[in-house]
Structure formats: structure tokens, C-alpha cells
Amino acid sequence: MKKARLIGAAIVGFGMTLTAAAYAEDEVRSGYYWATEETKAMQDDDFANPGFIWVESGSEHWTKVEGDAGKACQSCHENAEKSMVGVANKYPKYREDMGKLQNVEQRINECRTKFMKAKAFKWESEPMLALTTYVRHQSKGLPVEVDIDGPARKFYEAGKAFYNERRGQLDMACKHCHQDNAGGILRANVLTQGQSNGFPTYRLKWNKIGSLHRRFRGCNKQVRSKPFAYGADEYVNLELFLNHRGTGLKIETPAVRN
């Protein structure tokens with residue numbers, strides 16, 4: 001029987017209150033677990049899930065010829081519904097030629113600039129969000145399984161250190177909300193474990209799809225810490241740590257959250 005953990009109430013500063021909640025300490029849970037029934041129903045219905053607008057748009061970008069090479073994504077990778085299955089759930093990956101990690105968005109832009117001879121997408125642009133969502137969606141239902149062995153280990157450790165480091169005027173780390181107080185209430189919101197398996201995610205607050213790095217930046221701003229740039233090494237390292245932390249969770253892209 002799993003041990004239940006009781007999260008005690010605490011005032012963490014600037015009017016933010018964490019109230020008590022119980023959850024299974026050793027269980028890894030998707031943000032879906034804490035979503036309202038209405039939000040779950042929206043995610044579960046492909047016709048009602050607004051994130052599928054980006055999936056459909058991504059399928060169009062997959063076949064769109066761009067750049068001086070006269071190629072599209074499908075020119076090399078053919079049918080994404082076959083070639084992309086079990087791909088995105090293994091990112092970020094260590095690239096020996098780069099000497100660091102590369103995530104899905106960065107891989108897409110490498111393909112565009114190197115093979116298509118096309119301009120790179122801006123990180124949070126509609127085309128990048130659409131194509132990333134489409135590629136990630138091909139692994140929906142598959143477990144997250146990133147590699148942290150060998151040369152990837154130091155980047156995993158850097159991401160772990162980032163996760164546990166206090167920052168900003170509120171002097172808080174990621175762990176204070178998403179590990180120590182998962183299941184608690186922060187103002188009117190339920191704190192989740194902060195898992196990454198649903199990204200890109202349609203947030204009702206955003207009224208659109210957004211990337212994991214957008215969420216990182218938002219969290220940094222909430223603790224009054226200066227955010228890093230989209231695609232910064234610090235965030236890609238954190239992404240690897242979070243993905244490994246959620247090992248076994250199923251890819252839900254496009255997930256729906258509050």
C-alpha cells in the first residue's frame with residue numbers, strides 16, 4: 001500500500017498560501033490527475049480538445065515545401081504517423097557533434113536550416129508550436145523514456161541542480177511547489193508535480209498552445225526571477241531532468257491544462 005503524504009499549510013510569501021492536501025508520495029502523476037473533470041473531458045475528446053487545431057496545422061507544415069533546397073519535412077521523414085512514432089518521447093538527446101543536449105524544437109530548426117535551407121522558426125511562433133505539437137502527438141500514449149547515461153549525465157545533473165536551486169525575490173526553487181507541495185493549493189490553483197509529458201500544452205489561461213519553455217519562463221517570473229531565453233541550455237537541461245523525473249508517464253500532447 002502506497003504511503004500517503006500530508007502537505008502542511010504554509011505561507012511562502014507575497015500573499016501566496018499553500019494549503020494541506022494528501023497524495024501518494026512514491027507515485028509519479030501527470031497533471032491530468034489534478035485537472036477538473038471538465039478539463040479532462042476536453043482533453044479526452046479529440047474534437048473538443050482545442051490543441052488539435054495545432055496538430056492539424058502541424059500536419060500541413062510537415063508537407064509544406066520551403067527553403068532553397070525545395071524540401072518539406074516529409075521529403076526526408078516521409079509519413080510522420082509512422083516515422084515519428086517513438087521519437088519525441090526520447091528527447092532531449094545528447095548530440096556528440098554539438099557537445100550538449102538538443103530538444104525537439106532545436107531539432108526541427110536544425111532540419112530547416114541544414115537540410116531544407118529554410119529560415120529557422122522563432123521559438124513560440126505558430127509554425128513552431130504547430131510542428132512540435134504534431135511531431136510530439138505521434139508518440140501520444142507512449143511512455144517518456146529519455147537517456148541520462150554516459151555524456152548526457154552531466155546535463156541531467158545540471159537540470160536537477162537547476163530544479164533544486166532557490167532563485168528570485170521569493171527565494172523559491174521548482175521543488176518547493178512541484179515536489180514538496182504537489183497536491184496542495186496555491187491561491188485558487190492545485191499544484192501538480194509539474195510533469196512535462198503533455199507539452200506543448202493548451203492552457204486555458206493562455207487560450208492557446210504553449211511550449212514547455214514558456215512554462216519555465218512563466219514560473220521564473222512568478223518567483224520574481226529573470227527568465228532565461230527560449231532554448232537556453234539551462235532550460236534544455238531542466239527539460240531532460242523533468243522528462244526523466246516523469247519516466248513511464250504517457251505522452252499526452254496536446255494536453256489541456258488550466
# chains A, B, ... in the order shown; residues from 1 in each chain; ligands from 1
>>> residues_around(residues="Glu239 in chain A", least_positions_apart="6", cutoff="8 Å", atoms="only C-alpha atoms", output="number ranges by chain")
A: 92, 159, 196, 212
>>> write_last_selection(atoms="C-alpha atoms", output="mmCIF file, in the first residue's frame")
data_model
loop_
_atom_site.group_PDB
_atom_site.id
_atom_site.type_symbol
_atom_site.label_atom_id
_atom_site.label_comp_id
_atom_site.auth_asym_id
_atom_site.auth_seq_id
_atom_site.Cartn_x
_atom_site.Cartn_y
_atom_site.Cartn_z
ATOM 1 C CA PRO A 92 16.147 15.921 -25.297
ATOM 2 C CA GLY A 159 19.000 20.220 -14.789
ATOM 3 C CA SER A 196 6.277 17.658 -18.844
ATOM 4 C CA LEU A 212 7.435 23.784 -22.059
#
>>> residues_around(residues="Lys117 in chain A", least_positions_apart="3", cutoff="12 Å", atoms="only C-alpha atoms", output="list of chain:residue names")
A:Val65, A:Glu66, A:Gly67, A:Asp68, A:Ala69, A:Gly70, A:Lys71, A:Ala72, A:Cys73, A:Asn109, A:Glu110, A:Cys111, A:Arg112, A:Thr113, A:Lys114, A:Ala120
>>> closest_residue(among="A:Asn164, A:Asn243, A:Ser57, A:Asn237", to="Gln102 in chain A", atoms="only C-alpha atoms")
A:Asn237
>>> closest_atom_pairs(of="range 89-177 of chain A", to="range 246-256 of chain A", cutoff="10 Å", atoms="only C-alpha atoms", output="JSON lines")
{"residue": "A:Asn89", "atom": "CA", "partner": "A:Ile251", "partner_atom": "CA", "distance": 7.0}
{"residue": "A:Thr132", "atom": "CA", "partner": "A:Thr253", "partner_atom": "CA", "distance": 9.7}
{"residue": "A:Thr133", "atom": "CA", "partner": "A:Thr253", "partner_atom": "CA", "distance": 6.6}
{"residue": "A:Tyr134", "atom": "CA", "partner": "A:Thr253", "partner_atom": "CA", "distance": 8.4}
{"residue": "A:Val135", "atom": "CA", "partner": "A:Thr253", "partner_atom": "CA", "distance": 9.3}
{"residue": "A:Arg136", "atom": "CA", "partner": "A:Thr253", "partner_atom": "CA", "distance": 6.2}
{"residue": "A:His137", "atom": "CA", "partner": "A:Thr253", "partner_atom": "CA", "distance": 5.2}
{"residue": "A:Gln138", "atom": "CA", "partner": "A:Thr253", "partner_atom": "CA", "distance": 8.7}
{"residue": "A:Ser139", "atom": "CA", "partner": "A:Ile251", "partner_atom": "CA", "distance": 6.4}
{"residue": "A:Lys140", "atom": "CA", "partner": "A:Ile251", "partner_atom": "CA", "distance": 4.7}
{"residue": "A:Gly141", "atom": "CA", "partner": "A:Lys250", "partner_atom": "CA", "distance": 4.9}
{"residue": "A:Leu142", "atom": "CA", "partner": "A:Lys250", "partner_atom": "CA", "distance": 5.1}
{"residue": "A:Pro143", "atom": "CA", "partner": "A:Lys250", "partner_atom": "CA", "distance": 4.3}
{"residue": "A:Val144", "atom": "CA", "partner": "A:Thr247", "partner_atom": "CA", "distance": 5.1}
{"residue": "A:Glu145", "atom": "CA", "partner": "A:Thr247", "partner_atom": "CA", "distance": 5.6}
{"residue": "A:Val146", "atom": "CA", "partner": "A:Thr247", "partner_atom": "CA", "distance": 7.6}
>>> write_last_selection(atoms="N, CA and C atoms", output="short mmCIF file (atom, residue, chain, number, x, y, z; two decimals), in the first residue's frame")
data_model
loop_
_atom_site.label_atom_id
_atom_site.label_comp_id
_atom_site.auth_asym_id
_atom_site.auth_seq_id
_atom_site.Cartn_x
_atom_site.Cartn_y
_atom_site.Cartn_z
N ASN A 89 9.34 11.27 -27.58
CA ASN A 89 9.35 10.87 -26.17
C ASN A 89 10.75 10.55 -25.65
N THR A 132 5.89 21.20 -33.68
CA THR A 132 6.32 20.48 -32.47
C THR A 132 5.17 19.66 -31.90
N THR A 133 3.98 20.26 -31.86
CA THR A 133 2.80 19.56 -31.35
C THR A 133 2.50 18.34 -32.22
N TYR A 134 2.59 18.52 -33.52
CA TYR A 134 2.31 17.42 -34.46
C TYR A 134 3.30 16.27 -34.28
N VAL A 135 4.57 16.60 -34.18
CA VAL A 135 5.60 15.57 -34.01
C VAL A 135 5.44 14.87 -32.67
N ARG A 136 5.23 15.62 -31.61
CA ARG A 136 5.03 15.02 -30.28
C ARG A 136 3.77 14.15 -30.24
N HIS A 137 2.74 14.58 -30.95
CA HIS A 137 1.48 13.85 -30.95
C HIS A 137 1.62 12.44 -31.52
N GLN A 138 2.59 12.25 -32.38
CA GLN A 138 2.78 10.91 -32.98
C GLN A 138 3.21 9.89 -31.93
N SER A 139 3.72 10.36 -30.80
CA SER A 139 4.13 9.45 -29.71
C SER A 139 3.11 9.43 -28.58
N LYS A 140 1.93 9.98 -28.83
CA LYS A 140 0.89 10.00 -27.79
C LYS A 140 0.59 8.58 -27.32
N GLY A 141 0.55 8.41 -26.00
CA GLY A 141 0.28 7.10 -25.42
C GLY A 141 1.52 6.28 -25.14
N LEU A 142 2.66 6.73 -25.65
CA LEU A 142 3.93 6.03 -25.39
C LEU A 142 4.59 6.62 -24.15
N PRO A 143 5.36 5.83 -23.42
CA PRO A 143 5.98 6.34 -22.20
C PRO A 143 7.19 7.24 -22.48
N VAL A 144 7.38 8.22 -21.61
CA VAL A 144 8.57 9.06 -21.65
C VAL A 144 9.76 8.19 -21.27
N GLU A 145 10.82 8.22 -22.06
CA GLU A 145 11.99 7.38 -21.77
C GLU A 145 13.27 8.02 -22.30
N VAL A 146 13.72 9.08 -21.65
CA VAL A 146 14.94 9.75 -22.07
C VAL A 146 16.17 9.02 -21.52
#
>>> decode(residues="range 100-112 of chain A", atoms="N, CA and C atoms", output="PDB file, in the first residue's frame")
ATOM      1  N   LYS A 100      26.382  18.910 -26.450  1.00  0.00           N
ATOM      2  CA  LYS A 100      25.333  19.238 -25.486  1.00  0.00           C
ATOM      3  C   LYS A 100      24.020  18.609 -25.926  1.00  0.00           C
ATOM      4  N   LEU A 101      22.962  18.938 -25.184  1.00  0.00           N
ATOM      5  CA  LEU A 101      21.645  18.381 -25.485  1.00  0.00           C
ATOM      6  C   LEU A 101      20.968  19.131 -26.627  1.00  0.00           C
ATOM      7  N   GLN A 102      20.033  18.426 -27.271  1.00  0.00           N
ATOM      8  CA  GLN A 102      19.176  19.051 -28.280  1.00  0.00           C
ATOM      9  C   GLN A 102      17.750  18.573 -28.033  1.00  0.00           C
ATOM     10  N   ASN A 103      16.796  19.512 -28.031  1.00  0.00           N
ATOM     11  CA  ASN A 103      15.404  19.100 -27.843  1.00  0.00           C
ATOM     12  C   ASN A 103      14.655  19.114 -29.175  1.00  0.00           C
ATOM     13  N   VAL A 104      13.371  18.845 -29.150  1.00  0.00           N
ATOM     14  CA  VAL A 104      12.597  18.694 -30.384  1.00  0.00           C
ATOM     15  C   VAL A 104      12.568  19.985 -31.193  1.00  0.00           C
ATOM     16  N   GLU A 105      12.323  21.117 -30.518  1.00  0.00           N
ATOM     17  CA  GLU A 105      12.275  22.384 -31.250  1.00  0.00           C
ATOM     18  C   GLU A 105      13.604  22.674 -31.939  1.00  0.00           C
ATOM     19  N   GLN A 106      14.692  22.404 -31.251  1.00  0.00           N
ATOM     20  CA  GLN A 106      16.009  22.653 -31.833  1.00  0.00           C
ATOM     21  C   GLN A 106      16.298  21.708 -32.994  1.00  0.00           C
ATOM     22  N   ARG A 107      15.822  20.478 -32.884  1.00  0.00           N
ATOM     23  CA  ARG A 107      15.996  19.519 -33.976  1.00  0.00           C
ATOM     24  C   ARG A 107      15.213  19.951 -35.214  1.00  0.00           C
ATOM     25  N   ILE A 108      14.015  20.453 -34.996  1.00  0.00           N
ATOM     26  CA  ILE A 108      13.213  20.946 -36.116  1.00  0.00           C
ATOM     27  C   ILE A 108      13.936  22.078 -36.831  1.00  0.00           C
ATOM     28  N   ASN A 109      14.467  23.015 -36.064  1.00  0.00           N
ATOM     29  CA  ASN A 109      15.159  24.141 -36.702  1.00  0.00           C
ATOM     30  C   ASN A 109      16.455  23.712 -37.371  1.00  0.00           C
ATOM     31  N   GLU A 110      17.125  22.714 -36.825  1.00  0.00           N
ATOM     32  CA  GLU A 110      18.327  22.210 -37.497  1.00  0.00           C
ATOM     33  C   GLU A 110      17.962  21.621 -38.853  1.00  0.00           C
ATOM     34  N   CYS A 111      16.885  20.854 -38.889  1.00  0.00           N
ATOM     35  CA  CYS A 111      16.445  20.275 -40.161  1.00  0.00           C
ATOM     36  C   CYS A 111      16.089  21.370 -41.158  1.00  0.00           C
ATOM     37  N   ARG A 112      15.446  22.410 -40.687  1.00  0.00           N
ATOM     38  CA  ARG A 112      15.051  23.502 -41.580  1.00  0.00           C
ATOM     39  C   ARG A 112      16.257  24.218 -42.165  1.00  0.00           C
TER      40      ARG A 112
END
